[in-house]
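Reproduced below: protein37.txt, with compact mmCIF, C-alpha atoms and all ligand atoms.
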# COMPACT_ATOMS: atom_id res chain seq x y z
CA MET A 1 -21.79 -30.59 -14.18
CA PHE A 2 -20.11 -28.57 -11.42
CA ARG A 3 -16.81 -26.73 -11.41
CA THR A 4 -14.83 -25.77 -8.36
CA GLY A 5 -12.01 -23.26 -8.16
CA ILE A 6 -9.53 -22.11 -5.55
CA GLY A 7 -7.79 -18.77 -5.26
CA GLU A 8 -5.12 -17.53 -2.90
CA ASP A 9 -3.41 -14.17 -2.46
CA VAL A 10 -1.09 -12.43 -0.05
CA HIS A 11 -0.13 -8.76 0.30
CA ARG A 12 2.44 -7.06 2.49
CA THR A 13 0.97 -4.72 5.13
CA ASP A 14 1.58 -0.99 4.73
CA PRO A 15 0.26 1.26 7.53
CA SER A 16 0.34 4.28 5.20
CA ARG A 17 -2.43 2.81 3.05
CA PRO A 18 -6.14 2.15 3.78
CA LEU A 19 -7.20 -1.46 4.31
CA ILE A 20 -9.84 -2.65 1.86
CA LEU A 21 -11.12 -6.21 2.22
CA GLY A 22 -13.90 -7.66 0.14
CA GLY A 23 -14.62 -4.19 -1.22
CA VAL A 24 -15.16 -2.77 2.29
CA LEU A 25 -12.99 -0.07 3.88
CA ILE A 26 -11.75 -1.43 7.22
CA GLU A 27 -11.21 1.55 9.51
CA ASP A 28 -8.58 0.08 11.84
CA GLY A 29 -6.06 -1.06 9.15
CA PRO A 30 -3.00 -1.62 8.49
CA GLY A 31 -3.45 -1.24 4.76
CA LEU A 32 -1.84 -3.41 2.13
CA ARG A 33 0.80 -2.69 -0.47
CA GLY A 34 -0.04 -3.43 -4.08
CA HIS A 35 -0.40 -1.88 -7.49
CA SER A 36 -4.21 -1.84 -7.21
CA ASP A 37 -6.26 -1.22 -4.04
CA ALA A 38 -4.56 -4.46 -2.85
CA ASP A 39 -7.87 -6.08 -1.88
CA VAL A 40 -6.38 -9.45 -1.06
CA LEU A 41 -9.77 -11.12 -0.52
CA LEU A 42 -11.25 -10.04 -3.85
CA HIS A 43 -8.03 -11.03 -5.62
CA ALA A 44 -8.30 -14.53 -4.17
CA LEU A 45 -11.97 -14.68 -5.16
CA ILE A 46 -11.23 -13.51 -8.72
CA ASP A 47 -8.62 -16.26 -9.06
CA ALA A 48 -11.07 -18.85 -7.70
CA LEU A 49 -13.68 -17.82 -10.28
CA LEU A 50 -11.21 -17.84 -13.15
CA GLY A 51 -9.82 -21.15 -11.91
CA ALA A 52 -13.23 -22.81 -11.75
CA ALA A 53 -13.99 -21.73 -15.32
CA ALA A 54 -10.40 -22.62 -16.41
CA LEU A 55 -10.00 -19.10 -17.78
CA GLY A 56 -6.51 -18.28 -16.57
CA ASP A 57 -5.62 -16.10 -13.60
CA ILE A 58 -5.91 -12.52 -12.39
CA GLY A 59 -2.45 -11.57 -13.69
CA GLU A 60 -3.37 -12.60 -17.24
CA HIS A 61 -6.61 -10.63 -17.22
CA PHE A 62 -5.29 -7.56 -15.36
CA PRO A 63 -1.49 -7.42 -15.84
CA PRO A 64 0.26 -5.63 -12.93
CA ALA A 65 2.48 -3.83 -15.46
CA ASP A 66 -0.58 -2.32 -17.15
CA SER A 67 -0.98 1.21 -15.75
CA ALA A 68 -4.77 0.91 -16.31
CA PHE A 69 -4.90 -1.31 -13.20
CA ARG A 70 -2.53 0.79 -11.04
CA GLU A 71 -5.14 2.17 -8.64
CA ALA A 72 -7.84 -0.25 -9.76
CA ASP A 73 -10.93 -0.80 -7.63
CA SER A 74 -10.88 -4.57 -7.21
CA ALA A 75 -14.68 -4.61 -6.96
CA ASP A 76 -14.72 -3.44 -10.60
CA LEU A 77 -12.31 -6.23 -11.52
CA LEU A 78 -14.51 -8.78 -9.74
CA ARG A 79 -17.58 -7.45 -11.55
CA ARG A 80 -15.79 -7.91 -14.87
CA VAL A 81 -14.66 -11.44 -14.02
CA VAL A 82 -18.17 -12.45 -12.93
CA GLU A 83 -19.38 -11.20 -16.34
CA ILE A 84 -16.69 -13.23 -18.14
CA VAL A 85 -17.62 -16.36 -16.19
CA ARG A 86 -21.35 -15.83 -16.85
CA ARG A 87 -20.67 -15.29 -20.55
CA ASP A 88 -19.00 -18.70 -20.47
CA GLY A 89 -22.31 -20.19 -19.25
CA TRP A 90 -21.67 -20.44 -15.48
CA GLU A 91 -23.52 -19.26 -12.40
CA ILE A 92 -22.02 -18.97 -8.92
CA GLU A 93 -23.51 -21.52 -6.53
CA ASN A 94 -21.49 -20.40 -3.51
CA VAL A 95 -18.33 -18.70 -2.33
CA ASP A 96 -16.34 -19.65 0.74
CA SER A 97 -13.34 -17.68 1.94
CA THR A 98 -10.93 -17.16 4.80
CA VAL A 99 -8.91 -14.04 5.57
CA HIS A 100 -5.75 -14.62 7.59
CA ALA A 101 -4.83 -11.42 9.43
CA GLU A 102 -3.21 -10.79 12.81
CA ALA A 103 -4.97 -7.38 12.92
CA PRO A 104 -7.50 -5.90 12.81
CA VAL A 105 -10.25 -8.04 14.34
CA LEU A 106 -12.55 -8.70 11.37
CA ARG A 107 -15.61 -9.96 13.22
CA PRO A 108 -17.39 -6.56 13.15
CA TYR A 109 -16.87 -6.33 9.38
CA LYS A 110 -17.73 -9.84 8.23
CA ALA A 111 -21.41 -9.18 7.51
CA ALA A 112 -20.62 -6.03 5.52
CA ILE A 113 -17.92 -7.85 3.53
CA ARG A 114 -20.29 -10.70 2.79
CA ASP A 115 -23.06 -8.31 1.64
CA ARG A 116 -20.63 -6.36 -0.54
CA ILE A 117 -19.22 -9.47 -2.26
CA ALA A 118 -22.76 -10.76 -2.85
CA ALA A 119 -23.84 -7.41 -4.33
CA VAL A 120 -20.84 -7.15 -6.65
CA ALA A 121 -21.15 -10.78 -7.75
CA GLY A 122 -24.93 -10.47 -8.17
CA ILE A 123 -25.81 -13.35 -5.82
CA GLU A 124 -27.65 -13.62 -2.48
CA PRO A 125 -25.56 -13.01 0.67
CA GLY A 126 -26.57 -16.49 1.84
CA ARG A 127 -24.30 -17.92 -0.86
CA VAL A 128 -21.24 -16.07 0.43
CA SER A 129 -19.15 -17.10 3.43
CA VAL A 130 -16.33 -15.00 4.90
CA LYS A 131 -14.27 -16.42 7.73
CA ALA A 132 -11.39 -14.81 9.60
CA LYS A 133 -8.36 -16.27 11.35
CA THR A 134 -5.22 -14.88 12.92
CA GLY A 135 -1.75 -16.19 12.20
CA GLU A 136 -1.31 -17.29 15.86
CA GLY A 137 1.82 -15.14 16.04
CA LEU A 138 3.55 -17.38 13.49
CA ASP A 139 4.91 -16.61 9.98
CA ALA A 140 4.51 -13.32 8.09
CA VAL A 141 0.76 -13.11 8.80
CA GLY A 142 1.31 -13.81 12.49
CA ARG A 143 3.98 -11.09 12.69
CA GLY A 144 1.53 -8.63 11.10
CA GLU A 145 3.72 -8.25 8.00
CA ALA A 146 1.12 -9.62 5.60
CA ILE A 147 -2.54 -10.48 5.13
CA ARG A 148 -3.47 -13.62 3.24
CA ALA A 149 -6.79 -14.74 1.77
CA VAL A 150 -8.07 -18.02 0.39
CA ALA A 151 -11.30 -18.35 -1.59
CA LEU A 152 -13.19 -21.26 -3.04
CA VAL A 153 -16.12 -21.14 -5.44
CA LEU A 154 -18.53 -23.62 -6.94
CA LEU A 155 -19.89 -22.89 -10.41
CA VAL A 156 -22.98 -24.53 -11.87
CA PRO A 157 -24.14 -24.38 -15.49
CA GLU A 158 -26.45 -21.42 -16.03
CA ALA A 159 -28.94 -23.77 -17.74
CA ALA A 160 -29.18 -25.86 -14.56
CA VAL A 161 -29.96 -22.73 -12.51
CA ARG A 162 -32.64 -21.72 -14.99
CA ALA A 163 -34.20 -25.19 -14.83
CA ARG A 164 -34.13 -25.08 -11.01
CA THR A 165 -35.77 -21.63 -10.80
CA GLY A 166 -38.31 -22.81 -13.36
CA ASP A 167 -39.05 -25.81 -11.14
CA GLU A 168 -39.46 -23.56 -8.11
CA LYS A 169 -41.91 -21.36 -10.00
CA ALA A 170 -43.84 -24.42 -11.20
CA ALA A 171 -43.99 -25.77 -7.63
CA ARG A 172 -45.51 -22.53 -6.28
ZN ZN A 201 -3.45 -9.29 -4.86

Show the structure stored in the file as structure tokens.
Amino acid sequence: MFRTGIGEDVHRTDPSRPLILGGVLIEDGPGLRGHSDADVLLHALIDALLGAAALGDIGEHFPPADSAFREADSADLLRRVVEIVRRDGWEIENVDSTVHAEAPVLRPYKAAIRDRIAAVAGIEPGRVSVKAKTGEGLDAVGRGEAIRAVALVLLVPEAAVRARTGDEKAAR
């Protein structure tokens, strides 16, 4: 009836690049190194979606060696993965996520990130959660050498969503 999926990603920080998290440009970087825009949060979310639908992982769908994805906008990749998952008969019930970053402070950006993910995934912002933590000065995240993200999604059959919205309409 329901399918859950988890995704995790980590990228090395690179002050020469812009920081993009959840499809939002974060002004007070450091940026992240990667073959695409290195959006660690969207990469984790893409893997969570593919995992829940048992459709492989981000590397299989968008091979790093493929030059087509070199400067890829990860929001486009997410849009494509949401389409793939929907074609397989699933709807997104909710998304939960945590970004682990020593800097910058993400609190001022969380609402924008949440709205952006919801817009790209075609769901209400109330179904998207974005949390932020520091690395407490420990490990690569704590030393500011990397930013890590973890995402979890719940998928429900599209037919169940249709039945539920039908019920809501009937109840009105
Ligand atoms: Zn990545």

**Complete:** Computed gap from CA of Pro157 (chain A) to CA of Arg87 (chain A) is 11.0 Å

Would you mind listing, for every residue of chain A within 12 Å of ligand ZN 201 (chain A), the two atoms forming the shortest contact and the distance between them in Å to one decimal, using all atoms listed in the file, sorted by chain and ascending residue number, as a tab-separated table?
residue	atom	partner	partner_atom	distance
A:Gly7	CA	A:ZN201	ZN	10.4
A:Glu8	CA	A:ZN201	ZN	8.6
A:Asp9	CA	A:ZN201	ZN	5.4
A:Val10	CA	A:ZN201	ZN	6.2
A:His11	CA	A:ZN201	ZN	6.2
A:Arg12	CA	A:ZN201	ZN	9.7
A:Thr13	CA	A:ZN201	ZN	11.8
A:Ile20	CA	A:ZN201	ZN	11.4
A:Leu21	CA	A:ZN201	ZN	10.9
A:Gly22	CA	A:ZN201	ZN	11.7
A:Leu32	CA	A:ZN201	ZN	9.3
A:Arg33	CA	A:ZN201	ZN	9.0
A:Gly34	CA	A:ZN201	ZN	6.8
A:His35	CA	A:ZN201	ZN	8.4
A:Ser36	CA	A:ZN201	ZN	7.8
A:Asp37	CA	A:ZN201	ZN	8.6
A:Ala38	CA	A:ZN201	ZN	5.3
A:Asp39	CA	A:ZN201	ZN	6.2
A:Val40	CA	A:ZN201	ZN	4.8
A:Leu41	CA	A:ZN201	ZN	7.9
A:Leu42	CA	A:ZN201	ZN	7.9
A:His43	CA	A:ZN201	ZN	5.0
A:Ala44	CA	A:ZN201	ZN	7.2
A:Leu45	CA	A:ZN201	ZN	10.1
A:Ile46	CA	A:ZN201	ZN	9.7
A:Asp47	CA	A:ZN201	ZN	9.6
A:Asp57	CA	A:ZN201	ZN	11.3
A:Ile58	CA	A:ZN201	ZN	8.6
A:Gly59	CA	A:ZN201	ZN	9.2
A:Phe62	CA	A:ZN201	ZN	10.8
A:Pro63	CA	A:ZN201	ZN	11.3
A:Pro64	CA	A:ZN201	ZN	9.6
A:Phe69	CA	A:ZN201	ZN	11.6
A:Arg70	CA	A:ZN201	ZN	11.9
A:Ala72	CA	A:ZN201	ZN	11.2
A:Asp73	CA	A:ZN201	ZN	11.6
A:Ser74	CA	A:ZN201	ZN	9.1
A:Leu77	CA	A:ZN201	ZN	11.5
A:Ala146	CA	A:ZN201	ZN	11.4
A:Ile147	CA	A:ZN201	ZN	10.1
A:Arg148	CA	A:ZN201	ZN	9.2
A:Ala149	CA	A:ZN201	ZN	9.2
A:Val150	CA	A:ZN201	ZN	11.2

Can you report as AutoDock Vina command-line options the centre and edge lengths in Å, to one decimal, of an axis-aligned box around the listed atoms of region 138-152 of chain A padded with 3 Å on each side?
--center_x -4.1 --center_y -14.8 --center_z 5.2 --size_x 24.1 --size_y 19.0 --size_z 22.5

So that I can see what lies close to Ala101 (chain A), please list as an mmCIF file with C-alpha atoms, in the frame of the given file the residues with an atom at most 6 Å from it, counting only C-alpha atoms and leaving out residues fewer than 2 positions away in the same chain.
data_model
loop_
_atom_site.group_PDB
_atom_site.id
_atom_site.type_symbol
_atom_site.label_atom_id
_atom_site.label_comp_id
_atom_site.auth_asym_id
_atom_site.auth_seq_id
_atom_site.Cartn_x
_atom_site.Cartn_y
_atom_site.Cartn_z
ATOM 1 C CA ALA A 103 -4.970 -7.380 12.920
ATOM 2 C CA THR A 134 -5.220 -14.880 12.920
ATOM 3 C CA VAL A 141 0.760 -13.110 8.800
ATOM 4 C CA ILE A 147 -2.540 -10.480 5.130
#

**Message:** What does the structure give for the distance between CA of Glu158 (chain A) and CA of Glu91 (chain A), in Å to one decimal?
**Reply:** 5.1 Å
